[in-house]
>>> print(open('entry_5.txt').read())   # compact mmCIF, C-alpha atoms (C1' of nucleotides)
# COMPACT_ATOMS: atom_id res chain seq x y z
CA MET A 1 -100.69 164.50 -7.46
CA ASN A 2 -103.32 164.82 -4.81
CA ARG A 3 -101.97 168.32 -4.20
CA PRO A 4 -102.33 170.01 -7.59
CA ASP A 5 -101.77 173.44 -6.20
CA ALA A 6 -100.22 174.69 -3.01
CA ALA A 7 -102.72 177.53 -2.83
CA GLU A 8 -105.64 175.18 -3.39
CA GLU A 9 -104.85 173.21 -0.29
CA CYS A 10 -106.71 175.82 1.74
CA ALA A 11 -109.80 173.79 0.91
CA GLU A 12 -108.21 171.03 2.92
CA ARG A 13 -107.24 173.37 5.72
CA THR A 14 -110.14 172.24 7.86
CA ARG A 15 -107.92 169.34 8.81
CA VAL A 16 -104.82 170.62 10.44
CA ARG A 17 -102.63 168.26 12.42
CA ASP A 18 -104.71 167.54 15.47
CA ARG A 19 -104.00 164.45 17.46
CA GLU A 20 -107.30 164.34 19.31
CA ALA A 21 -109.40 165.08 16.24
CA THR A 22 -107.66 162.37 14.24
CA ARG A 23 -108.08 159.89 17.06
CA GLN A 24 -111.76 160.68 17.18
CA ARG A 25 -112.13 160.31 13.42
CA ILE A 26 -110.64 156.83 13.61
CA LEU A 27 -112.83 155.92 16.54
CA ASP A 28 -115.98 157.13 14.80
CA SER A 29 -115.10 155.27 11.63
CA ALA A 30 -114.40 152.09 13.59
CA ARG A 31 -117.63 152.28 15.59
CA GLU A 32 -119.66 152.79 12.44
CA LEU A 33 -118.00 149.96 10.57
CA PHE A 34 -117.97 147.54 13.50
CA THR A 35 -121.65 148.33 13.93
CA THR A 36 -122.66 147.68 10.36
CA GLU A 37 -120.19 144.99 9.38
CA GLY A 38 -118.79 143.38 12.51
CA TYR A 39 -115.27 143.37 13.84
CA GLU A 40 -113.69 140.62 11.79
CA ARG A 41 -115.25 141.69 8.54
CA VAL A 42 -113.73 145.15 8.74
CA SER A 43 -110.06 145.63 7.90
CA SER A 44 -107.75 148.19 9.41
CA ARG A 45 -107.21 149.68 6.00
CA LEU A 46 -110.94 150.18 5.48
CA ILE A 47 -111.32 151.86 8.86
CA ALA A 48 -108.43 154.15 8.05
CA ALA A 49 -109.73 154.93 4.57
CA ARG A 50 -113.19 155.74 5.89
CA ALA A 51 -111.62 158.01 8.49
CA GLY A 52 -109.43 159.61 5.83
CA VAL A 53 -106.25 158.84 7.70
CA ASN A 54 -103.26 156.58 7.23
CA VAL A 55 -103.48 152.95 8.32
CA ALA A 56 -100.48 153.19 10.55
CA LEU A 57 -102.25 155.72 12.74
CA ILE A 58 -104.56 153.02 14.04
CA ASN A 59 -101.64 151.27 15.60
CA ARG A 60 -100.09 154.53 16.66
CA TYR A 61 -103.16 155.65 18.56
CA PHE A 62 -104.75 152.38 19.63
CA GLY A 63 -101.86 149.96 19.72
CA ALA A 64 -103.67 147.52 17.49
CA LYS A 65 -107.01 146.92 15.84
CA ARG A 66 -108.29 145.22 18.97
CA GLY A 67 -107.50 148.37 20.92
CA LEU A 68 -110.02 150.14 18.75
CA LEU A 69 -112.69 147.61 19.59
CA ALA A 70 -111.79 147.79 23.25
CA GLU A 71 -112.37 151.53 23.20
CA VAL A 72 -115.63 151.19 21.30
CA ILE A 73 -116.82 148.62 23.81
CA ALA A 74 -115.72 150.70 26.77
CA GLU A 75 -117.80 153.69 25.77
CA GLU A 76 -120.96 151.67 25.19
CA ALA A 77 -123.46 151.56 28.04
CA VAL A 78 -124.89 148.19 29.11
CA PHE A 79 -128.15 147.75 31.01
CA PRO A 80 -128.68 151.49 31.30
CA GLY A 81 -130.37 152.26 34.60
CA MET A 82 -131.12 148.61 35.29
CA PHE A 83 -129.44 148.57 38.70
CA ASP A 84 -130.91 151.75 40.10
CA GLY A 85 -134.52 151.02 41.05
CA ASP A 86 -136.07 148.62 43.54
CA PRO A 87 -134.21 145.28 43.63
CA GLY A 88 -137.53 143.54 44.12
CA THR A 89 -138.65 144.57 40.65
CA LEU A 90 -135.37 143.60 38.99
CA PRO A 91 -136.68 140.25 37.67
CA ARG A 92 -139.57 141.98 35.98
CA ARG A 93 -137.39 144.71 34.54
CA LEU A 94 -134.83 142.17 33.35
CA ALA A 95 -137.57 140.08 31.75
CA GLU A 96 -138.99 143.05 29.90
CA TYR A 97 -135.54 144.15 28.83
CA MET A 98 -134.78 140.71 27.46
CA VAL A 99 -138.06 140.39 25.63
CA ASP A 100 -137.66 143.79 24.06
CA GLN A 101 -134.12 142.87 23.12
CA VAL A 102 -135.04 139.44 21.84
CA LEU A 103 -138.21 140.42 20.05
CA ARG A 104 -136.87 143.45 18.32
CA GLU A 105 -133.62 143.61 16.45
CA PRO A 106 -130.79 144.18 18.91
CA SER A 107 -128.69 147.29 18.67
CA PRO A 108 -126.31 146.89 15.73
CA LEU A 109 -123.29 147.53 17.87
CA ARG A 110 -124.33 144.91 20.38
CA ARG A 111 -124.80 142.50 17.53
CA ALA A 112 -121.42 143.30 16.08
CA LEU A 113 -119.71 142.97 19.40
CA GLU A 114 -121.31 139.62 20.09
CA GLN A 115 -119.97 138.49 16.75
CA SER A 116 -116.49 139.51 17.74
CA ARG A 117 -116.05 137.47 20.87
CA ALA A 118 -113.83 134.89 19.29
CA ASP A 119 -110.74 137.02 18.98
CA PRO A 120 -108.57 135.57 21.73
CA ASP A 121 -106.96 138.92 22.41
CA LEU A 122 -110.37 140.39 23.12
CA GLN A 123 -111.15 137.89 25.85
CA ALA A 124 -109.72 140.10 28.58
CA VAL A 125 -111.69 143.09 27.36
CA TYR A 126 -114.98 141.22 27.45
CA GLN A 127 -114.19 139.61 30.79
CA GLU A 128 -113.47 142.93 32.44
CA ARG A 129 -116.52 144.54 30.92
CA LEU A 130 -118.79 141.67 31.96
CA ARG A 131 -117.54 141.72 35.51
CA ASP A 132 -117.32 145.45 36.13
CA ALA A 133 -120.36 146.63 34.20
CA ILE A 134 -122.79 143.76 34.73
CA LEU A 135 -121.93 141.09 37.28
CA GLU A 136 -120.64 143.26 40.11
CA PRO A 137 -123.32 145.96 39.79
CA MET A 138 -126.04 143.33 39.76
CA ALA A 139 -124.56 141.54 42.76
CA ARG A 140 -124.39 144.79 44.70
CA HIS A 141 -127.91 145.62 43.65
CA ILE A 142 -129.53 142.41 44.83
CA GLY A 143 -127.40 142.01 47.97
CA GLY A 144 -127.84 139.11 50.35
CA PRO A 145 -125.87 135.87 50.63
CA ASP A 146 -124.08 134.50 47.58
CA ALA A 147 -125.03 137.61 45.69
CA ARG A 148 -122.38 137.03 43.06
CA ALA A 149 -123.42 133.44 42.46
CA ARG A 150 -127.09 134.38 42.16
CA ALA A 151 -126.25 137.27 39.88
CA SER A 152 -124.09 134.95 37.80
CA VAL A 153 -127.00 132.68 37.02
CA ALA A 154 -129.16 135.61 35.99
CA VAL A 155 -126.39 137.02 33.84
CA GLY A 156 -126.01 133.59 32.30
CA VAL A 157 -129.65 133.67 31.24
CA VAL A 158 -129.21 137.13 29.77
CA LEU A 159 -126.16 136.11 27.81
CA GLY A 160 -127.74 132.88 26.65
CA LEU A 161 -130.85 134.49 25.25
CA GLY A 162 -128.57 136.88 23.41
CA VAL A 163 -126.64 134.01 21.89
CA LEU A 164 -129.81 132.18 20.98
CA ARG A 165 -131.20 135.24 19.29
CA ARG A 166 -128.02 135.75 17.34
CA VAL A 167 -127.33 132.18 16.31
CA GLU A 168 -130.79 130.81 15.78
CA GLY A 169 -132.83 133.97 15.58
CA ALA A 170 -134.94 132.94 18.58
CA THR A 171 -137.81 132.56 16.16
CA ALA A 172 -139.92 130.54 18.57
CA LEU A 173 -139.60 133.26 21.19
CA ARG A 174 -140.37 136.09 18.82
CA ASP A 175 -143.51 134.31 17.70
CA SER A 176 -144.80 133.72 21.21
CA ASP A 177 -147.06 135.98 23.24
CA ARG A 178 -145.17 138.86 24.77
CA ALA A 179 -146.98 138.92 28.11
CA ALA A 180 -146.61 135.19 28.58
CA LEU A 181 -142.94 135.31 27.71
CA VAL A 182 -142.30 138.19 30.08
CA ALA A 183 -144.06 136.29 32.85
CA ARG A 184 -142.05 133.17 32.16
CA LEU A 185 -138.75 135.01 32.12
CA GLU A 186 -139.71 136.93 35.24
CA SER A 187 -140.19 133.72 37.18
CA VAL A 188 -136.92 132.43 35.73
CA PHE A 189 -135.08 135.49 36.97
CA VAL A 190 -136.80 135.20 40.34
CA ASP A 191 -135.42 131.69 40.64
CA CYS A 192 -132.01 132.84 39.56
CA LEU A 193 -131.86 135.66 42.08
CA ARG A 194 -133.76 134.45 45.15
CA GLU A 195 -131.75 133.81 48.30
CA MET B 1 -83.61 116.00 -1.17
CA ASN B 2 -86.16 114.42 1.09
CA ARG B 3 -85.84 111.33 -1.05
CA PRO B 4 -82.14 110.42 -0.81
CA ASP B 5 -82.67 107.02 -2.36
CA ALA B 6 -85.40 105.56 -4.48
CA ALA B 7 -84.98 102.19 -2.80
CA GLU B 8 -85.15 103.79 0.64
CA GLU B 9 -88.60 105.16 0.01
CA CYS B 10 -90.02 101.79 1.01
CA ALA B 11 -89.86 103.15 4.56
CA GLU B 12 -92.40 105.71 3.41
CA ARG B 13 -94.51 103.09 1.68
CA THR B 14 -96.99 102.98 4.55
CA ARG B 15 -98.50 106.08 2.93
CA VAL B 16 -99.65 105.22 -0.51
CA ARG B 17 -102.06 107.48 -2.31
CA ASP B 18 -105.30 106.95 -0.48
CA ARG B 19 -108.00 109.53 -0.68
CA GLU B 20 -109.95 108.41 2.36
CA ALA B 21 -106.89 107.96 4.53
CA THR B 22 -105.59 111.41 3.63
CA ARG B 23 -108.96 112.96 4.31
CA GLN B 24 -109.01 111.30 7.70
CA ARG B 25 -105.49 112.47 8.49
CA ILE B 26 -106.49 116.06 7.79
CA LEU B 27 -109.65 115.68 9.85
CA ASP B 28 -107.74 114.22 12.80
CA SER B 29 -105.13 116.94 12.64
CA ALA B 30 -107.80 119.62 12.48
CA ARG B 31 -109.80 118.20 15.37
CA GLU B 32 -106.71 117.99 17.54
CA LEU B 33 -105.56 121.51 16.71
CA PHE B 34 -109.02 123.09 16.95
CA THR B 35 -109.34 121.38 20.30
CA THR B 36 -106.09 122.61 21.77
CA GLU B 37 -105.75 125.97 20.05
CA GLY B 38 -109.15 127.04 18.76
CA TYR B 39 -110.31 127.57 15.22
CA GLU B 40 -108.97 131.02 14.50
CA ARG B 41 -105.59 130.42 16.05
CA VAL B 42 -104.87 127.49 13.77
CA SER B 43 -103.83 128.11 10.20
CA SER B 44 -104.55 125.89 7.26
CA ARG B 45 -100.85 125.43 6.74
CA LEU B 46 -100.35 124.18 10.28
CA ILE B 47 -103.19 121.70 9.97
CA ALA B 48 -101.72 120.43 6.73
CA ALA B 49 -98.19 120.24 8.13
CA ARG B 50 -99.39 118.33 11.19
CA ALA B 51 -101.26 115.94 8.93
CA GLY B 52 -98.22 115.61 6.69
CA VAL B 53 -100.12 116.65 3.61
CA ASN B 54 -100.14 119.57 1.23
CA VAL B 55 -102.12 122.68 2.16
CA ALA B 56 -104.15 122.64 -1.02
CA LEU B 57 -105.67 119.31 -0.05
CA ILE B 58 -107.69 120.99 2.66
CA ASN B 59 -109.54 122.98 0.07
CA ARG B 60 -109.67 120.02 -2.25
CA TYR B 61 -111.34 117.78 0.30
CA PHE B 62 -113.26 120.21 2.49
CA GLY B 63 -113.87 123.17 0.20
CA ALA B 64 -112.40 125.57 2.71
CA LYS B 65 -111.08 125.74 6.23
CA ARG B 66 -114.57 126.26 7.59
CA GLY B 67 -115.62 123.03 5.93
CA LEU B 68 -113.15 121.28 8.17
CA LEU B 69 -114.69 122.81 11.26
CA ALA B 70 -118.17 121.99 10.04
CA GLU B 71 -117.19 118.34 9.75
CA VAL B 72 -115.55 118.34 13.18
CA ILE B 73 -118.67 119.86 14.68
CA ALA B 74 -120.96 117.47 12.88
CA GLU B 75 -119.34 114.39 14.33
CA GLU B 76 -119.40 115.70 17.89
CA ALA B 77 -122.29 114.58 20.08
CA VAL B 78 -124.20 117.16 22.12
CA PHE B 79 -126.29 116.36 25.19
CA PRO B 80 -125.68 112.62 24.87
CA GLY B 81 -128.76 110.75 26.01
CA MET B 82 -130.35 113.86 27.48
CA PHE B 83 -133.60 113.53 25.56
CA ASP B 84 -134.23 109.85 26.15
CA GLY B 85 -135.46 109.52 29.73
CA ASP B 86 -138.53 110.82 31.52
CA PRO B 87 -139.37 114.39 30.46
CA GLY B 88 -140.38 115.12 34.03
CA THR B 89 -136.82 114.68 35.22
CA LEU B 90 -135.33 116.74 32.40
CA PRO B 91 -134.91 119.89 34.54
CA ARG B 92 -132.94 117.95 37.14
CA ARG B 93 -130.80 116.22 34.54
CA LEU B 94 -130.16 119.48 32.73
CA ALA B 95 -129.22 121.16 36.00
CA GLU B 96 -126.77 118.43 36.89
CA TYR B 97 -125.35 118.46 33.41
CA MET B 98 -124.80 122.19 33.55
CA VAL B 99 -123.23 122.13 36.98
CA ASP B 100 -120.89 119.37 35.98
CA GLN B 101 -120.06 121.26 32.81
CA VAL B 102 -119.69 124.56 34.57
CA LEU B 103 -117.82 123.31 37.58
CA ARG B 104 -115.36 121.14 35.75
CA GLU B 105 -113.37 122.22 32.76
CA PRO B 106 -115.51 121.83 29.65
CA SER B 107 -114.42 119.50 26.91
CA PRO B 108 -111.62 121.14 24.98
CA LEU B 109 -113.43 120.78 21.70
CA ARG B 110 -116.54 122.41 23.11
CA ARG B 111 -114.38 125.22 24.38
CA ALA B 112 -112.65 125.61 21.05
CA LEU B 113 -115.90 125.58 19.16
CA GLU B 114 -117.44 128.18 21.42
CA GLN B 115 -114.43 130.35 20.69
CA SER B 116 -115.00 129.98 16.99
CA ARG B 117 -118.51 131.29 16.74
CA ALA B 118 -117.50 134.65 15.37
CA ASP B 119 -116.57 133.48 11.92
CA PRO B 120 -119.51 134.72 9.86
CA ASP B 121 -119.26 131.81 7.48
CA LEU B 122 -119.75 129.42 10.36
CA GLN B 123 -123.04 130.95 11.40
CA ALA B 124 -125.08 128.58 9.27
CA VAL B 125 -123.23 125.57 10.62
CA TYR B 126 -123.91 126.50 14.21
CA GLN B 127 -127.50 127.44 13.50
CA GLU B 128 -128.26 124.11 11.90
CA ARG B 129 -126.53 122.20 14.64
CA LEU B 130 -128.31 124.13 17.39
CA ARG B 131 -131.69 123.57 15.83
CA ASP B 132 -131.37 119.95 14.72
CA ALA B 133 -129.34 118.55 17.60
CA ILE B 134 -130.65 120.55 20.55
CA LEU B 135 -133.73 122.72 20.06
CA GLU B 136 -135.89 120.35 18.06
CA PRO B 137 -135.05 117.22 20.10
CA MET B 138 -135.76 119.06 23.32
CA ALA B 139 -139.04 120.44 22.00
CA ARG B 140 -140.13 116.97 20.92
CA HIS B 141 -139.05 115.57 24.25
CA ILE B 142 -141.03 117.96 26.43
CA GLY B 143 -144.08 118.14 24.18
CA GLY B 144 -147.10 120.24 25.03
CA PRO B 145 -148.09 123.70 23.80
CA ASP B 146 -145.39 126.12 22.67
CA ALA B 147 -142.84 123.38 23.07
CA ARG B 148 -140.34 125.17 20.87
CA ALA B 149 -140.66 128.42 22.75
CA ARG B 150 -140.30 126.71 26.11
CA ALA B 151 -137.34 124.71 24.88
CA SER B 152 -135.79 127.88 23.50
CA VAL B 153 -135.72 129.51 26.90
CA ALA B 154 -134.10 126.45 28.44
CA VAL B 155 -131.55 126.27 25.64
CA GLY B 156 -130.87 129.94 26.18
CA VAL B 157 -129.97 129.23 29.80
CA VAL B 158 -127.71 126.38 28.74
CA LEU B 159 -125.92 128.53 26.19
CA GLY B 160 -125.64 131.45 28.56
CA LEU B 161 -124.01 129.51 31.35
CA GLY B 162 -121.54 128.22 28.78
CA VAL B 163 -120.71 131.72 27.68
CA LEU B 164 -120.39 132.91 31.25
CA ARG B 165 -118.04 130.07 32.08
CA ARG B 166 -115.92 130.78 29.06
CA VAL B 167 -115.76 134.55 29.30
CA GLU B 168 -115.72 135.12 33.02
CA GLY B 169 -114.84 131.69 34.30
CA ALA B 170 -118.07 131.47 36.29
CA THR B 171 -115.94 131.70 39.41
CA ALA B 172 -118.84 132.55 41.67
CA LEU B 173 -120.70 129.47 40.51
CA ARG B 174 -117.76 127.13 40.85
CA ASP B 175 -117.22 128.31 44.39
CA SER B 176 -120.83 127.78 45.44
CA ASP B 177 -122.33 124.64 46.93
CA ARG B 178 -123.05 122.04 44.30
CA ALA B 179 -126.35 120.78 45.71
CA ALA B 180 -127.68 124.31 46.16
CA LEU B 181 -126.67 125.26 42.66
CA VAL B 182 -128.25 122.16 41.17
CA ALA B 183 -131.45 122.93 43.04
CA ARG B 184 -131.46 126.52 41.85
CA LEU B 185 -130.86 125.56 38.24
CA GLU B 186 -133.47 122.83 38.44
CA SER B 187 -136.12 125.32 39.45
CA VAL B 188 -134.90 127.65 36.71
CA PHE B 189 -135.31 124.92 34.11
CA VAL B 190 -138.71 124.02 35.53
CA ASP B 191 -139.79 127.59 34.95
CA CYS B 192 -138.33 127.57 31.48
CA LEU B 193 -140.10 124.39 30.47
CA ARG B 194 -143.43 124.39 32.27
CA GLU B 195 -146.54 124.78 30.18
C1' DC C 1 -87.59 186.02 11.42
C1' DT C 2 -85.03 181.96 11.48
C1' DT C 3 -83.87 177.66 13.35
C1' DG C 4 -84.44 173.51 15.57
C1' DA C 5 -87.00 169.96 18.03
C1' DC C 6 -90.79 167.18 18.38
C1' DA C 7 -94.94 165.44 17.28
C1' DA C 8 -98.17 164.08 13.43
C1' DG C 9 -98.57 161.77 9.45
C1' DT C 10 -96.82 158.77 5.53
C1' DC C 11 -94.88 154.97 2.93
C1' DA C 12 -93.27 150.62 1.93
C1' DA C 13 -92.30 146.58 3.56
C1' DC C 14 -92.87 142.29 6.61
C1' DA C 15 -94.84 138.06 7.91
C1' DC C 16 -98.74 135.94 7.80
C1' DT C 17 -103.56 134.34 6.32
C1' DG C 18 -107.00 131.38 3.21
C1' DT C 19 -107.45 130.07 -1.42
C1' DT C 20 -106.65 128.91 -6.41
C1' DT C 21 -104.35 127.60 -10.56
C1' DA C 22 -101.36 125.05 -13.28
C1' DC C 23 -98.55 121.44 -12.82
C1' DT C 24 -96.45 116.69 -11.76
C1' DT C 25 -96.88 111.99 -10.46
C1' DA C 26 -98.64 107.65 -8.86
C1' DT C 27 -102.30 104.22 -9.41
C1' DA C 28 -105.47 101.13 -11.63
C1' DC C 29 -107.78 99.67 -15.54
C1' DC C 30 -108.06 98.31 -20.65
C1' DG D 1 -97.44 97.95 -21.22
C1' DG D 2 -99.62 102.24 -22.16
C1' DT D 3 -102.77 105.52 -20.67
C1' DA D 4 -106.71 108.00 -18.44
C1' DT D 5 -107.71 109.62 -14.08
C1' DA D 6 -107.21 110.74 -9.69
C1' DA D 7 -103.93 112.26 -5.84
C1' DG D 8 -100.68 115.24 -4.58
C1' DT D 9 -97.64 119.44 -5.25
C1' DA D 10 -95.61 124.12 -5.91
C1' DA D 11 -96.12 128.72 -6.46
C1' DA D 12 -98.56 132.40 -6.72
C1' DC D 13 -102.61 135.66 -5.54
C1' DA D 14 -105.04 138.88 -2.90
C1' DG D 15 -105.83 139.98 1.44
C1' DT D 16 -104.81 140.69 6.58
C1' DG D 17 -102.59 143.21 10.89
C1' DT D 18 -98.50 145.36 12.06
C1' DT D 19 -93.90 147.81 12.05
C1' DG D 20 -89.95 150.84 11.38
C1' DA D 21 -87.83 154.29 8.79
C1' DC D 22 -89.01 158.23 6.72
C1' DT D 23 -91.10 163.01 5.69
C1' DT D 24 -93.49 167.01 7.03
C1' DG D 25 -96.16 170.28 9.57
C1' DT D 26 -96.34 173.01 13.96
C1' DC D 27 -94.76 175.72 17.51
C1' DA D 28 -91.51 177.61 20.77
C1' DA D 29 -86.82 179.46 21.74
C1' DG D 30 -82.89 182.09 20.12
>>> encode(input="entry_5.txt", output="structure tokens")
Amino acid sequence: MNRPDAAEECAERTRVRDREATRQRILDSARELFTTEGYERVSSRLIAARAGVNVALINRYFGAKRGLLAEVIAEEAVFPGMFDGDPGTLPRRLAEYMVDQVLREPSPLRRALEQSRADPDLQAVYQERLRDAILEPMARHIGGPDARARASVAVGVVLGLGVLRRVEGATALRDSDRAALVARLESVFVDCLRE
Amino acid sequence: MNRPDAAEECAERTRVRDREATRQRILDSARELFTTEGYERVSSRLIAARAGVNVALINRYFGAKRGLLAEVIAEEAVFPGMFDGDPGTLPRRLAEYMVDQVLREPSPLRRALEQSRADPDLQAVYQERLRDAILEPMARHIGGPDARARASVAVGVVLGLGVLRRVEGATALRDSDRAALVARLESVFVDCLRE
DNA sequence: CTTGACAAGTCAACACTGTTTACTTATACC
DNA sequence: GGTATAAGTAAACAGTGTTGACTTGTCAAG
């Protein structure tokens, strides 16, 4: 049916049986769909169809649909380069990062991932990511006493503004003066992080 | 089968056909299950079974499952009495509220509802609730220029600490000194809200 | 070159979800 | 007392994630 001629299948020969290539196809399809549609809106069958593979391969290669999301999350960078510079300028850099994330549309993947936090099975994935990629690096970066507690408050602000932007749109913040908002957030982060 | 005798059914007579009572039974069952299990973990059929009614009645009375959650959310108070007192003491009261919400286990319903934010169809419900029950009251309460923007930042902090507590457990914050944490958050909220 | 083993890929089913439609039945009013 | 109307029911629909048995391509050893 879909193979009208055995000789014609050379046109399909670009896709030989290749575990790694197939895995990557699925992963690419998932990332694209999660990005544009969000985790819960995308079905396994759609991901598989878009990747041109069989549905069962998702579970074969990733255990389950959530394994796909876990992998997509794992390969996404958070706060790129934020914890490298001078710790004294971290509040300012955080403030600018937040404003530029709040004011402009957030990255589609970030948006999709934030929409996918409810899946109970994903809780562990998010927890690990939050701790290892954000909380701990920030705590190490600022140093001093109670570094983790101080970092936690700052991270709380970051997360909260993200939620506000997603749920309510953060319209009031997007309409306000950028410099004033950066200054306000900077002093907020200073309070969060000071010893 | 479940009616072995027509005369015996008088034992079941406590439940006559009563629209309002049935509606309430479903609502109670849903609130209890959403509270203990979370929205997505609870199926319509389970809610109906627990309420002792037919599944189809959920859609008859609430349109859809999400209508049930919307109603549960609507009847739940948020920030009780927070926007009544002196606006000058709002940062302190917010800080204490957050610490006592972060340190102790949050109300099960609040926890369940926070876990249910991913459902795309619920977005509008949460948005309306956030604006009408939190953002606008707080903006009115603090007054002054850019009240909505200032309130938005404070609400962002509130939301973020909730997310942090739910995802990561906010262990570092729960282990830190209560008075110090209240003081830190108070100054954070002062920064958020000051003109 | 042929054969066999193993991995890659497929298919159909399972158990579940929320929702709808057509149906039955109890209640209250004329 | 009969009947319209609402309350309640049963069964199906279309969809989900997931699984196990199956087929088939690939590659190495005989």
>>> residues_around(input="entry_5.txt", residues="Thr89 in chain B", least_positions_apart="6", cutoff="12 Å", atoms="only C-alpha atoms (C1' of nucleotides)", output="list of chain:residue names")
B:Met82, B:Phe83, B:Ala95, B:Glu96, B:His141, B:Ile142, B:Glu186, B:Ser187, B:Phe189, B:Val190, B:Leu193
>>> closest_residue(input="entry_5.txt", among="D:DT26, D:DG1, D:DT18, D:DA11", to="DA8 in chain C", atoms="all atoms listed in the file")
D:DT26
>>> closest_atom_pairs(input="entry_5.txt", of="chain D", to="chain A", cutoff="10 Å", atoms="all atoms listed in the file", output="tab-separated table")
residue	atom	partner	partner_atom	distance
D:DG15	C1'	A:Ser43	CA	9.6
D:DT16	C1'	A:Ser43	CA	7.3
D:DG17	C1'	A:Ser44	CA	7.3
D:DT18	C1'	A:Asn59	CA	7.6
D:DT19	C1'	A:Ala56	CA	8.6
D:DG25	C1'	A:Arg17	CA	7.4
D:DT26	C1'	A:Arg17	CA	8.0
>>> residues_around(input="entry_5.txt", residues="DT24 in chain C", least_positions_apart="5", cutoff="10 Å", atoms="only C-alpha atoms (C1' of nucleotides)", output="compact mmCIF listing (two decimals) with C-alpha atoms (C1' of nucleotides), in the coordinates of the input")
# COMPACT_ATOMS: atom_id res chain seq x y z
C1' DG D 8 -100.68 115.24 -4.58
C1' DT D 9 -97.64 119.44 -5.25
C1' DA D 10 -95.61 124.12 -5.91
>>> interface_residues(input="entry_5.txt", of="chain C", to="chain B", cutoff="10 Å", atoms="all atoms listed in the file", output="count of residues only")
7
>>> residues_around(input="entry_5.txt", residues="Gln127 in chain B", least_positions_apart="4", cutoff="7 Å", atoms="only C-alpha atoms (C1' of nucleotides)", output="PyMOL selection string")
(chain A and resi 167-168) or (chain B and resi 123+131)
>>> residues_near_point(input="entry_5.txt", point="(-102.7, 111.9, -16.0)", cutoff="8 Å", atoms="only C-alpha atoms (C1' of nucleotides)", output="VMD selection string")
chain D and resid 3 to 6
>>> closest_residue(input="entry_5.txt", among="A:Ala154, A:Ala183, A:Leu164, A:Ile134", to="chain B", atoms="all atoms listed in the file")
A:Leu164
>>> closest_residue(input="entry_5.txt", among="B:Gly143, B:Pro80, B:Gly85, B:Gly38", to="chain A", atoms="all atoms listed in the file")
B:Gly38
>>> atom_distance(input="entry_5.txt", atom1="C1' of DA21 in chain D", atom2="CA of Ile47 in chain A")
23.6 Å
>>> atom_distance(input="entry_5.txt", atom1="CA of Ala21 in chain B", atom2="CA of Val42 in chain B")
21.7 Å
